[in-house]
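Heads up, work.csv below (CSV, C-alpha atoms):
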chain,number,residue,atom,x,y,z
A,1,MET,CA,100.0,-16.1,139.6
A,2,LEU,CA,100.7,-18.6,142.4
A,3,ASN,CA,101.7,-21.1,139.6
A,4,SER,CA,104.4,-18.8,138.4
A,5,LYS,CA,107.7,-20.7,137.7
A,6,ASN,CA,110.1,-17.8,137.2
A,7,VAL,CA,109.6,-15.0,139.7
A,8,LEU,CA,111.5,-11.7,140.0
A,9,ILE,CA,111.5,-9.7,143.2
A,10,LEU,CA,112.6,-6.0,143.0
A,11,ALA,CA,113.9,-4.7,146.3
A,12,PRO,CA,115.1,-1.1,146.5
A,13,HIS,CA,116.9,-1.9,149.8
A,14,THR,CA,118.1,-5.1,151.4
A,15,ASP,CA,115.1,-5.8,153.6
A,16,ASP,CA,112.3,-4.7,151.4
A,17,ALA,CA,111.5,-8.1,149.8
A,18,GLU,CA,111.2,-9.9,153.1
A,19,LEU,CA,109.1,-7.1,154.7
A,20,GLY,CA,106.8,-6.5,151.8
A,21,ALA,CA,106.3,-10.0,150.4
A,22,GLY,CA,108.1,-12.5,152.7
A,23,GLY,CA,105.1,-14.8,153.1
A,24,LEU,CA,104.3,-14.9,149.4
A,25,ILE,CA,108.0,-15.5,148.6
A,26,SER,CA,108.1,-18.4,151.0
A,27,ARG,CA,104.9,-19.9,149.5
A,28,LEU,CA,106.2,-19.6,146.0
A,29,ALA,CA,109.5,-21.1,146.9
A,30,ARG,CA,107.8,-24.1,148.6
A,31,ALA,CA,105.7,-24.5,145.4
A,32,GLY,CA,108.9,-24.9,143.4
A,33,ALA,CA,109.2,-21.4,141.7
A,34,TYR,CA,112.7,-20.2,140.7
A,35,ILE,CA,113.0,-16.8,142.5
A,36,THR,CA,115.5,-14.1,141.6
A,37,GLU,CA,115.9,-11.0,143.8
A,38,ILE,CA,117.5,-7.8,142.6
A,39,VAL,CA,118.6,-5.5,145.4
A,40,PHE,CA,119.3,-2.1,144.0
A,41,THR,CA,121.4,-0.7,146.8
A,42,GLY,CA,124.2,-2.6,148.4
A,43,ALA,CA,124.3,-1.0,151.9
A,44,GLY,CA,127.7,-2.5,152.9
A,45,ASP,CA,127.4,-4.9,155.7
A,46,ARG,CA,123.7,-5.5,155.0
A,47,LYS,CA,124.7,-7.5,151.9
A,48,MET,CA,125.5,-10.5,153.9
A,49,GLU,CA,122.4,-10.1,156.0
A,50,ALA,CA,120.4,-10.1,152.7
A,51,VAL,CA,122.2,-13.2,151.5
A,52,PHE,CA,121.3,-15.1,154.7
A,53,ALA,CA,117.7,-13.8,154.5
A,54,ALA,CA,117.4,-15.0,150.9
A,55,GLU,CA,118.5,-18.5,151.9
A,56,VAL,CA,115.8,-18.5,154.6
A,57,MET,CA,113.2,-17.4,152.1
A,58,GLY,CA,114.2,-19.9,149.5
A,59,ILE,CA,115.3,-17.3,147.0
A,60,ASN,CA,117.5,-19.0,144.4
A,61,ASN,CA,119.5,-16.0,143.1
A,62,ILE,CA,120.2,-12.6,144.6
A,63,LYS,CA,121.9,-9.8,142.7
A,64,PHE,CA,123.2,-6.5,144.1
A,65,TRP,CA,123.3,-3.5,141.8
A,66,ASP,CA,125.1,-1.3,144.3
A,67,MET,CA,123.5,2.0,143.6
A,68,PRO,CA,123.5,4.8,146.2
A,69,ILE,CA,120.7,4.7,148.8
A,70,ARG,CA,118.1,7.5,148.4
A,71,ARG,CA,119.6,8.4,145.1
A,72,LEU,CA,118.0,5.8,142.8
A,73,GLY,CA,116.2,8.6,140.9
A,74,GLU,CA,119.5,9.8,139.6
A,75,HIS,CA,120.0,6.3,138.0
A,76,ARG,CA,116.5,5.9,136.5
A,77,GLN,CA,117.7,5.2,133.0
A,78,ASP,CA,120.3,2.6,134.2
A,79,ILE,CA,117.6,0.9,136.2
A,80,LEU,CA,115.2,0.8,133.3
A,81,ASP,CA,117.9,-0.5,130.9
A,82,GLY,CA,119.0,-3.2,133.3
A,83,LEU,CA,115.4,-4.4,133.8
A,84,ILE,CA,114.6,-4.3,130.1
A,85,GLU,CA,117.5,-6.9,129.7
A,86,LEU,CA,115.5,-9.2,131.9
A,87,ARG,CA,112.2,-8.7,130.0
A,88,GLY,CA,110.6,-12.0,129.0
A,89,GLN,CA,112.3,-14.1,131.7
A,90,PRO,CA,110.0,-13.7,134.7
A,91,ASP,CA,106.3,-14.6,134.6
A,92,LEU,CA,105.7,-12.7,137.8
A,93,VAL,CA,107.4,-9.5,139.1
A,94,ILE,CA,106.8,-8.4,142.7
A,95,MET,CA,108.0,-4.9,143.6
A,96,PRO,CA,107.1,-1.8,145.6
A,97,SER,CA,103.6,-0.3,145.2
A,98,LEU,CA,103.4,2.7,142.9
A,99,ARG,CA,102.0,4.7,145.8
A,100,ASP,CA,104.9,4.0,148.1
A,101,THR,CA,106.3,7.4,149.2
A,102,HIS,CA,110.0,6.5,149.6
A,103,GLN,CA,111.9,8.0,146.7
A,104,ASP,CA,113.9,4.8,146.0
A,105,HIS,CA,110.7,2.7,146.1
A,106,GLN,CA,109.0,5.1,143.7
A,107,THR,CA,111.8,4.9,141.2
A,108,VAL,CA,112.0,1.1,141.3
A,109,ALA,CA,108.2,0.8,141.0
A,110,GLN,CA,108.0,3.2,138.1
A,111,GLU,CA,110.8,1.7,136.1
A,112,GLY,CA,109.6,-1.9,136.9
A,113,TRP,CA,106.2,-0.8,135.5
A,114,ARG,CA,107.8,0.5,132.3
A,115,ALA,CA,110.2,-2.5,131.8
A,116,PHE,CA,107.7,-5.3,132.4
A,117,LYS,CA,104.7,-4.2,130.3
A,118,ASN,CA,103.7,-7.8,129.4
A,119,THR,CA,104.3,-9.4,132.7
A,120,ASN,CA,102.1,-10.0,135.8
A,121,LEU,CA,103.0,-7.3,138.3
A,122,LEU,CA,102.3,-7.1,142.0
A,123,GLY,CA,103.0,-4.2,144.3
A,124,TYR,CA,103.9,-5.1,147.9
A,125,GLU,CA,102.7,-3.4,151.1
A,126,GLU,CA,105.0,-1.4,153.4
A,127,PRO,CA,102.5,0.5,155.5
A,128,TRP,CA,105.0,2.9,157.0
A,129,ASN,CA,105.6,4.3,153.5
A,130,ASP,CA,102.0,4.3,152.2
A,131,MET,CA,99.1,5.9,154.2
A,132,HIS,CA,96.6,5.1,151.4
A,133,TYR,CA,97.5,1.6,150.4
A,134,ASP,CA,94.9,-0.1,148.3
A,135,ALA,CA,94.8,-3.8,149.1
A,136,GLN,CA,93.4,-5.5,146.0
A,137,LEU,CA,94.8,-9.0,146.2
A,138,PHE,CA,95.1,-11.1,149.3
A,139,VAL,CA,97.3,-14.2,149.3
A,140,LYS,CA,96.8,-16.8,151.9
A,141,VAL,CA,100.1,-17.7,153.6
A,142,SER,CA,100.7,-20.5,156.1
A,143,GLU,CA,102.1,-20.3,159.6
A,144,MET,CA,105.3,-21.7,158.1
A,145,ASP,CA,105.5,-18.9,155.6
A,146,ILE,CA,105.1,-16.3,158.4
A,147,ALA,CA,107.7,-18.1,160.4
A,148,ASN,CA,110.1,-18.0,157.4
A,149,LYS,CA,109.3,-14.3,157.0
A,150,ILE,CA,110.1,-13.6,160.6
A,151,LYS,CA,113.4,-15.6,160.4
A,152,ALA,CA,114.4,-13.7,157.3
A,153,VAL,CA,113.7,-10.3,158.8
A,154,GLN,CA,115.7,-11.4,161.9
A,155,CYS,CA,118.7,-11.9,159.7
A,156,TYR,CA,118.9,-8.1,159.5
A,157,LYS,CA,120.7,-7.5,162.8
A,158,SER,CA,121.4,-4.0,161.7
A,159,GLN,CA,117.7,-3.3,161.7
A,160,ALA,CA,116.9,-4.7,165.1
A,161,GLY,CA,114.7,-2.5,167.1
A,162,LYS,CA,112.8,-1.0,164.2
A,163,ALA,CA,109.0,-1.4,164.8
A,164,TYR,CA,108.3,-2.9,161.4
A,165,CYS,CA,111.0,-5.6,162.0
A,166,ASP,CA,109.3,-6.8,165.2
A,167,SER,CA,107.8,-10.3,165.0
A,168,GLU,CA,104.6,-9.3,166.8
A,169,TYR,CA,104.0,-6.6,164.1
A,170,ILE,CA,104.7,-9.0,161.3
A,171,ILE,CA,102.2,-11.5,162.8
A,172,SER,CA,99.6,-8.8,163.5
A,173,LEU,CA,99.7,-7.4,160.0
A,174,ALA,CA,99.3,-11.0,158.6
A,175,ARG,CA,96.4,-11.6,160.9
A,176,VAL,CA,94.7,-8.3,159.9
A,177,ARG,CA,95.0,-9.2,156.2
A,178,GLY,CA,93.9,-12.7,157.1
A,179,VAL,CA,90.7,-11.4,158.7
A,180,GLN,CA,90.0,-9.3,155.6
A,181,ALA,CA,90.5,-12.4,153.4
A,182,GLY,CA,88.7,-14.9,155.7
A,183,VAL,CA,91.8,-16.9,156.4
A,184,GLU,CA,94.2,-17.1,159.3
A,185,TYR,CA,97.2,-15.3,157.7
A,186,ALA,CA,97.5,-13.4,154.5
A,187,GLU,CA,99.6,-10.7,152.7
A,188,SER,CA,98.1,-8.1,150.5
A,189,PHE,CA,99.2,-6.6,147.2
A,190,ASN,CA,98.3,-4.1,144.6
A,191,ILE,CA,97.5,-5.7,141.3
A,192,MET,CA,99.6,-3.5,139.0
A,193,ARG,CA,99.1,-5.7,136.0
A,194,GLN,CA,97.4,-9.1,135.5
A,195,ILE,CA,97.5,-10.9,132.2
A,196,ILE,CA,95.2,-13.9,131.6
A,197,ARG,CA,96.4,-15.9,128.7
Rewrite the coordinates I just gave you, this time as structure tokens.
Amino acid sequence: MLNSKNVLILAPHTDDAELGAGGLISRLARAGAYITEIVFTGAGDRKMEAVFAAEVMGINNIKFWDMPIRRLGEHRQDILDGLIELRGQPDLVIMPSLRDTHQDHQTVAQEGWRAFKNTNLLGYEEPWNDMHYDAQLFVKVSEMDIANKIKAVQCYKSQAGKAYCDSEYIISLARVRGVQAGVEYAESFNIMRQIIR
């Protein structure tokens, strides 16, 4: 999966990609992957924050679908139809875990699962939304990747003060996952689908 050349990130909200998979995104970008991010909700002023964060992460293309926050379930079919149009393009899709309790995250994860049946799928970790997260895959990330993740999260001035945006929290979680994986820093993911060809 780390050799993926065309990566799609599904982010229900503007900061989800960075918080859930920022280290892996940075690592993939440094390895030369072409990375597209779909943000399903626009959230007004947070759009520009997301554009700046995408630049920091090395994301090549960011798209906003401008759906209403906390109402993605009402647009389930539109989401599925839009994702099906992209089928066959990415060789790796990174999205929320199927066990994430946020209603928007659940919708994106479920429709991503349906749309990309023949694609490698990873579910990212956001511990504040998932008390029973099952860490199945650990990805070693570098100090530079963690620094990029922190810089990207700091682009969200509107989210300043939230505990999960704090740089110490981001470093601590990466260290915990690193201890579990026997490396300095890591991020963890659910393996939702892995295809070996």
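Closest approach to Gly88 in chain A from the set A:Ile59, A:Leu8, A:Ile170, A:Val139 is made by A:Leu8, with distances taken over only C-alpha atoms.
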Coordinates-based distance that separates CA of Phe138 in chain A from CA of Arg99 in chain A (Å, one decimal):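 That distance, rounded to one decimal, is 17.6 Å.
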Option closest in space to His13 in chain A, from A:Ala50, A:Ala31, A:Val56, A:Ile25 [counting only C-alpha atoms]: A:Ala50
Computed interatomic separation between CA of Ser142 in chain A and CA of Met1 in chain A (Å):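 For CA of Ser142 in chain A relative to CA of Met1 in chain A, the distance reads 17.1 Å.
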Distance query 10 Å from (113.9, -20.5, 133.9) using all atoms listed in the file, result as a PyMOL selection string: chain A and resi 5-7+33-35+89-91
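Take the candidates A:Cys155, A:Met95, A:Met67, A:Met131 and check each one against Ala17 in chain A using only C-alpha atoms; the shortest distance goes to A:Met95.
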For Arg177 in chain A, the nearest of the candidates A:Cys165, A:Val141, A:Leu72, A:Val51, counting all atoms listed in the file: A:Val141
Counting all atoms listed in the file, the option among A:Tyr133, A:Tyr164, A:Tyr124, A:Phe116 closest to Gly23 in chain A: A:Tyr124
Atom pair CA of Phe189 in chain A / CA of Leu137 in chain A: separation (Å):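 Between CA of Phe189 in chain A and CA of Leu137 in chain A the gap is 5.1 Å.
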All residues 12 Å or closer to Arg114 in chain A, all atoms listed in the file, same chain fewer than 6 positions away omitted, as a PyMOL selection string: chain A and resi 76-77+79-84+87+98+107-108+121+192-193
Pick from A:Glu49, A:Arg70, A:Asn60, A:Asp16, whichever lies nearest to Arg30 in chain A using all atoms listed in the file: A:Asn60
Exercise: Trp128 in chain A partners within 10 Å, only C-alpha atoms, chain neighbours under 5 positions left out, as a list in words: Asp100, Thr101, His102, Ala163 and Tyr164 of chain A
Selection near Phe64 in chain A, 12 Å with all atoms listed in the file, sequence-local residues under 4 positions removed, as number ranges by chain: A: 10-14, 36-44, 46-48, 50-51, 68
What's around Asn120 in chain A at 6 Å? Count all atoms listed in the file, leave out sequence neighbours fewer than 4 positions away in its own chain, and write the answer as a PDB file with C-alpha atoms, keeping the file's coordinate frame.
ATOM      1  CA  LEU A  92     105.700 -12.700 137.800  1.00  0.00           C
ATOM      2  CA  ARG A 193      99.100  -5.700 136.000  1.00  0.00           C
ATOM      3  CA  GLN A 194      97.400  -9.100 135.500  1.00  0.00           C
ATOM      4  CA  ILE A 195      97.500 -10.900 132.200  1.00  0.00           C
TER       5      ILE A 195
END
With only C-alpha atoms counted and 12 Å as the cut-off, give the residues of range 125-157 of chain A in contact with range 183-187 of chain A, each with its shortest interatomic distance in Å and the pair that gives it, as JSON lines.
{"residue": "A:Glu125", "atom": "CA", "partner": "A:Glu187", "partner_atom": "CA", "distance": 8.1}
{"residue": "A:Glu126", "atom": "CA", "partner": "A:Glu187", "partner_atom": "CA", "distance": 10.8}
{"residue": "A:Pro127", "atom": "CA", "partner": "A:Glu187", "partner_atom": "CA", "distance": 11.9}
{"residue": "A:Ala135", "atom": "CA", "partner": "A:Glu187", "partner_atom": "CA", "distance": 9.1}
{"residue": "A:Gln136", "atom": "CA", "partner": "A:Glu187", "partner_atom": "CA", "distance": 10.5}
{"residue": "A:Leu137", "atom": "CA", "partner": "A:Glu187", "partner_atom": "CA", "distance": 8.3}
{"residue": "A:Phe138", "atom": "CA", "partner": "A:Glu187", "partner_atom": "CA", "distance": 5.7}
{"residue": "A:Val139", "atom": "CA", "partner": "A:Ala186", "partner_atom": "CA", "distance": 5.3}
{"residue": "A:Lys140", "atom": "CA", "partner": "A:Ala186", "partner_atom": "CA", "distance": 4.3}
{"residue": "A:Val141", "atom": "CA", "partner": "A:Ala186", "partner_atom": "CA", "distance": 5.1}
{"residue": "A:Ser142", "atom": "CA", "partner": "A:Tyr185", "partner_atom": "CA", "distance": 6.5}
{"residue": "A:Glu143", "atom": "CA", "partner": "A:Tyr185", "partner_atom": "CA", "distance": 7.3}
{"residue": "A:Met144", "atom": "CA", "partner": "A:Tyr185", "partner_atom": "CA", "distance": 10.3}
{"residue": "A:Asp145", "atom": "CA", "partner": "A:Tyr185", "partner_atom": "CA", "distance": 9.3}
{"residue": "A:Ile146", "atom": "CA", "partner": "A:Tyr185", "partner_atom": "CA", "distance": 8.0}
{"residue": "A:Ala147", "atom": "CA", "partner": "A:Tyr185", "partner_atom": "CA", "distance": 11.2}
{"residue": "A:Lys149", "atom": "CA", "partner": "A:Glu187", "partner_atom": "CA", "distance": 11.2}
